[in-house]
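Have a look at the structure below, then the notes.
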Amino acid sequence: MAARRSNRRTSGLLPGDEASIQPVRVMSSVVPPGAAGLSLADWLTGRFTYGDRLQWLAFIQEGCLTHNGQVADSDLILQAGDVIGFTPPAQAEPPVDREWRLEYEDEACLVVDKPPLLPIHPAGRYFAHSLWYLLRQVYSGVHCITRLDRETSGLVLVAKTAEAARQLQASQAAGNISKDYLALVYGHFPLGQTRLAAGWLASDSSSQVRKKRCFTSQKPGHLRQERCSTRLLGLEAWQDVNGWRSLVQASLDTGRTHQIRATLLSLGYPLVGDKLYGLDDGCFLRFAEGRLTEADRHNLELPWQALQCSSLEFPSPAGNMVAVRLDSFRQRVAAARWPESEMATEPDSPTLLAFNRNSSTQI
């Protein structure tokens, strides 16, 4: 069945207004038997290490902690089975592009086009500024089935009910959901012939970033690894004053974290705009610390990694096969700008101008 398309977009308030303040979130935890007799501050410090003792004491003094439904005191001694609640202070969330687009809908599921820099699920500083939260303002009880990194754009499959989610997750486990990606990479990727990159993903011991992974065709004997397989097809290549760039289609046989990004880097074709799997993973650390330099932004060229899920095929629980395709990657890259709060890269860089031209750039 052909996908039904729509111009429907979110219509919420823009980043920077009151919607940027996180909704009230209450988290709770049951005190285990082994923690009986500890003070509340000691238990919090040892159990939830993202805050030190002084920070937890400050939260207690501010009334952010409850004990069995009542505001907790700093001298509280815990008993097994106590329920401790934590309401984090309200804080502004980072601005995001909240303009998701509906690409397909039936009674069981949706396919939406996620913009770059919008996380799919709430995590860390992001809650209201997540695709899941935004979708729940329109649809109740949604479940995001496929996943994309925060900076990756493109198609996301979403179930509208718990039963639809169960069926789609079973299809995913059986390998019946297929996704293709488009990637803009550094280097001249061979054109016109599919390259199978089959091997293993493991931790990159050479990187300062613990979560970074590397691809290898030989099984690493001493590292925790996962099998992976990616089919890569060079679509276009061109050369400008910055060197060679290529447009590559990536098709997944397995779905591992950072699979495409790590594979392309290990093969010698890092993604344009990728702070972790690009030309310099030091950009990732500087970005996390809020100290990207003008030179970093110039070298990255884009404020997000140039990777988009451009094709999605799956059996809908509604009973039909669905195929959805996007053709917005080139336009999305060409329109990319760094936030005004940061020094902008030159919008008319040779690489982006060349990529925005039509197939006459193909070599």
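We name chains A, B, ... following the order of the structure tokens; residues begin at 1 in each chain, and ligands are numbered from 1 as shown.
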
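Considering only range 76-164 of chain A, backbone DSSP assigns alpha helix (DSSP H) to Leu131, Trp132, Tyr133, Leu134, Leu135, Arg136, Ala162, Glu163 and Ala164 of chain A.
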
Skip Pro116 in chain A itself and residues of its chain fewer than 3 positions away, then list as a list of chain:residue names all residues within 8 Å of it, counting only C-alpha atoms. A:Asp97, A:Arg150, A:Glu151, A:Thr152, A:Ser153, A:Gly154, A:Trp304

One residue among A:Trp338, A:Asp42, A:Ala92, A:Gln137 is nearest to Glu294 in chain A when using only C-alpha atoms, and that residue is A:Trp338

Nearest-residue call for Leu247 in chain A, choices A:Ala198, A:Arg210, A:Leu182, A:Gln225, using only C-alpha atoms: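 Among the listed residues, the smallest separation from Leu247 in chain A belongs to A:Leu182.
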
Would you write out, as a Markdown table, a table of all residues in range 205-259 of chain A that have an atom no more than 12 Å from an atom of range 263-273 of chain A, listing for each the closest atom pair and the distance in Å to one decimal, considering only C-alpha atoms and ordering rows by chain and rising residue number?
| residue | atom | partner | partner_atom | distance |
| --- | --- | --- | --- | --- |
| A:Lys212 | CA | A:Leu265 | CA | 11.2 |
| A:Arg213 | CA | A:Thr263 | CA | 9.0 |
| A:Cys214 | CA | A:Ser266 | CA | 6.4 |
| A:Phe215 | CA | A:Thr263 | CA | 5.1 |
| A:Thr216 | CA | A:Ser266 | CA | 7.3 |
| A:Ser217 | CA | A:Thr263 | CA | 9.9 |
| A:Arg227 | CA | A:Thr263 | CA | 11.9 |
| A:Cys228 | CA | A:Thr263 | CA | 9.2 |
| A:Ser229 | CA | A:Thr263 | CA | 9.2 |
| A:Thr230 | CA | A:Thr263 | CA | 8.0 |
| A:Arg231 | CA | A:Thr263 | CA | 10.3 |
| A:Leu232 | CA | A:Leu264 | CA | 9.0 |
| A:Leu233 | CA | A:Leu264 | CA | 11.6 |
| A:Gly234 | CA | A:Tyr269 | CA | 11.2 |
| A:Asn242 | CA | A:Val272 | CA | 11.8 |
| A:Trp244 | CA | A:Tyr269 | CA | 10.2 |
| A:Arg245 | CA | A:Val272 | CA | 8.7 |
| A:Ser246 | CA | A:Tyr269 | CA | 8.7 |
| A:Leu247 | CA | A:Leu271 | CA | 10.0 |
| A:Val248 | CA | A:Leu264 | CA | 9.7 |
| A:Gln249 | CA | A:Leu264 | CA | 11.1 |
| A:Ala250 | CA | A:Leu264 | CA | 9.5 |
| A:Ser251 | CA | A:Thr263 | CA | 11.9 |
| A:Leu252 | CA | A:Thr263 | CA | 11.2 |
| A:Arg256 | CA | A:Thr263 | CA | 10.7 |
| A:Thr257 | CA | A:Thr263 | CA | 11.0 |
| A:His258 | CA | A:Thr263 | CA | 8.2 |
| A:Gln259 | CA | A:Thr263 | CA | 6.0 |

List the spatial neighbours of Arg224 in chain A as JSON, numbers by chain - criterion: any atom at most 12 Å away, only C-alpha atoms, same-chain residues fewer than 3 positions off excluded. {"A": [200, 201, 202, 203, 204, 205, 213, 214, 219, 220, 221, 227]}

Name the residues of range 212-279 of chain A that come out as strand (DSSP E) in a backbone DSSP run; write them as a PyMOL selection string. chain A and resi 213-216+225-240+243-252

Near Cys283 in chain A, counting only C-alpha atoms, which residues have an atom at most 12 Å away, once you skip same-chain residues fewer than 2 positions from it, shown as a PyMOL selection string? chain A and resi 207-209+273-281+285-300+303-304

Atoms kept (N, CA and C atoms) for selection, written as an mmCIF file, in the first residue's frame:
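As a result, result_13.cif now contains:
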data_model
loop_
_atom_site.group_PDB
_atom_site.id
_atom_site.type_symbol
_atom_site.label_atom_id
_atom_site.label_comp_id
_atom_site.auth_asym_id
_atom_site.auth_seq_id
_atom_site.Cartn_x
_atom_site.Cartn_y
_atom_site.Cartn_z
ATOM 1 N N SER A 207 39.824 5.959 21.758
ATOM 2 C CA SER A 207 39.098 7.216 21.917
ATOM 3 C C SER A 207 38.988 7.614 23.382
ATOM 4 N N GLN A 208 38.947 8.931 23.617
ATOM 5 C CA GLN A 208 38.710 9.441 24.964
ATOM 6 C C GLN A 208 37.243 9.316 25.366
ATOM 7 N N VAL A 209 36.371 9.076 24.395
ATOM 8 C CA VAL A 209 34.930 9.009 24.648
ATOM 9 C C VAL A 209 34.539 7.552 24.859
ATOM 10 N N GLY A 273 29.717 16.616 9.724
ATOM 11 C CA GLY A 273 28.954 17.138 10.849
ATOM 12 C C GLY A 273 28.937 16.268 12.082
ATOM 13 N N ASP A 274 29.566 15.098 12.047
ATOM 14 C CA ASP A 274 29.510 14.177 13.182
ATOM 15 C C ASP A 274 30.589 14.544 14.197
ATOM 16 N N LYS A 275 30.163 14.914 15.398
ATOM 17 C CA LYS A 275 31.108 15.329 16.429
ATOM 18 C C LYS A 275 31.868 14.151 17.027
ATOM 19 N N LEU A 276 31.271 12.951 16.988
ATOM 20 C CA LEU A 276 31.901 11.773 17.588
ATOM 21 C C LEU A 276 32.569 10.883 16.554
ATOM 22 N N TYR A 277 31.930 10.693 15.399
ATOM 23 C CA TYR A 277 32.465 9.805 14.361
ATOM 24 C C TYR A 277 32.899 10.590 13.123
ATOM 25 N N GLY A 278 33.260 11.844 13.324
ATOM 26 C CA GLY A 278 33.732 12.668 12.221
ATOM 27 C C GLY A 278 35.245 12.708 12.162
ATOM 28 N N LEU A 279 35.777 13.859 11.784
ATOM 29 C CA LEU A 279 37.223 13.990 11.614
ATOM 30 C C LEU A 279 37.963 14.087 12.940
ATOM 31 N N ASP A 280 37.277 14.526 14.004
ATOM 32 C CA ASP A 280 37.939 14.754 15.290
ATOM 33 C C ASP A 280 36.939 14.526 16.405
ATOM 34 N N ASP A 281 37.093 13.409 17.163
ATOM 35 C CA ASP A 281 36.122 13.145 18.223
ATOM 36 C C ASP A 281 36.327 14.059 19.425
ATOM 37 N N LEU A 285 33.712 16.093 22.940
ATOM 38 C CA LEU A 285 33.990 16.515 24.309
ATOM 39 C C LEU A 285 33.853 18.023 24.456
ATOM 40 N N ARG A 286 34.351 18.762 23.477
ATOM 41 C CA ARG A 286 34.226 20.222 23.557
ATOM 42 C C ARG A 286 32.768 20.652 23.452
ATOM 43 N N PHE A 287 31.985 19.952 22.616
ATOM 44 C CA PHE A 287 30.562 20.258 22.508
ATOM 45 C C PHE A 287 29.857 19.985 23.837
ATOM 46 N N ALA A 288 30.166 18.842 24.469
ATOM 47 C CA ALA A 288 29.529 18.486 25.737
ATOM 48 C C ALA A 288 29.857 19.498 26.830
ATOM 49 N N GLU A 289 31.028 20.110 26.738
ATOM 50 C CA GLU A 289 31.450 21.094 27.734
ATOM 51 C C GLU A 289 31.076 22.519 27.337
ATOM 52 N N GLY A 290 30.393 22.673 26.189
ATOM 53 C CA GLY A 290 29.959 23.989 25.742
ATOM 54 C C GLY A 290 31.076 24.885 25.263
ATOM 55 N N ARG A 291 32.125 24.305 24.687
ATOM 56 C CA ARG A 291 33.252 25.129 24.244
ATOM 57 C C ARG A 291 33.717 24.770 22.830
ATOM 58 N N LEU A 292 32.772 24.511 21.939
ATOM 59 C CA LEU A 292 33.130 24.360 20.532
ATOM 60 C C LEU A 292 33.739 25.663 20.023
ATOM 61 N N THR A 293 34.802 25.555 19.258
ATOM 62 C CA THR A 293 35.464 26.737 18.722
ATOM 63 C C THR A 293 34.937 27.065 17.331
ATOM 64 N N GLU A 294 35.284 28.263 16.858
ATOM 65 C CA GLU A 294 34.916 28.633 15.496
ATOM 66 C C GLU A 294 35.542 27.662 14.502
ATOM 67 N N ALA A 295 36.776 27.227 14.788
ATOM 68 C CA ALA A 295 37.434 26.254 13.906
ATOM 69 C C ALA A 295 36.688 24.926 13.903
ATOM 70 N N ASP A 296 36.183 24.497 15.070
ATOM 71 C CA ASP A 296 35.393 23.260 15.136
ATOM 72 C C ASP A 296 34.170 23.366 14.240
ATOM 73 N N ARG A 297 33.443 24.459 14.363
ATOM 74 C CA ARG A 297 32.222 24.613 13.582
ATOM 75 C C ARG A 297 32.524 24.694 12.088
ATOM 76 N N HIS A 298 33.635 25.320 11.753
ATOM 77 C CA HIS A 298 34.031 25.377 10.345
ATOM 78 C C HIS A 298 34.339 23.979 9.823
ATOM 79 N N ASN A 299 35.048 23.174 10.618
ATOM 80 C CA ASN A 299 35.418 21.830 10.174
ATOM 81 C C ASN A 299 34.219 20.892 10.136
ATOM 82 N N LEU A 300 33.296 21.050 11.086
ATOM 83 C CA LEU A 300 32.106 20.201 11.100
ATOM 84 C C LEU A 300 31.189 20.504 9.917
ATOM 85 N N PRO A 303 25.606 21.702 11.916
ATOM 86 C CA PRO A 303 25.375 21.618 13.357
ATOM 87 C C PRO A 303 24.920 20.241 13.815
ATOM 88 N N TRP A 304 24.726 19.325 12.892
ATOM 89 C CA TRP A 304 24.311 17.957 13.214
ATOM 90 C C TRP A 304 24.902 17.017 12.168
#

Restrict the calculation to only C-alpha atoms, then for each residue of range 190-289 of chain A with any atom at most 12 Å from an atom of range 165-173 of chain A give the closest atom pair and their distance in Å to one decimal, rows by chain and rising residue number, as JSON lines.
{"residue": "A:Asp253", "atom": "CA", "partner": "A:Gln172", "partner_atom": "CA", "distance": 11.5}
{"residue": "A:Thr254", "atom": "CA", "partner": "A:Ala173", "partner_atom": "CA", "distance": 10.2}
{"residue": "A:Gly255", "atom": "CA", "partner": "A:Gln172", "partner_atom": "CA", "distance": 9.7}

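Candidate residues A:Ile60, A:Ala183, A:Leu196, A:Val158 were compared for distance to Glu236 in chain A, and the nearest is A:Ala183, using only C-alpha atoms.
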
In Å to one decimal, how far is CA of Leu110 in chain A from CA of Leu155 in chain A? 10.0 Å

Which residues are close to range 118-125 of chain A, i.e. within 6 Å by only C-alpha atoms, leaving aside same-chain residues fewer than 2 positions away? Reply as a count of residues only. 8

Hey, which of A:Gln70, A:Gln239, A:Gln305, A:Ser39 ends up closest to Arg261 in chain A? Count only C-alpha atoms. A:Gln305

Judged by only C-alpha atoms, the minimum distance to Leu38 in chain A among A:Ile77, A:Leu54, A:His67, A:Met321 is found for A:Ile77
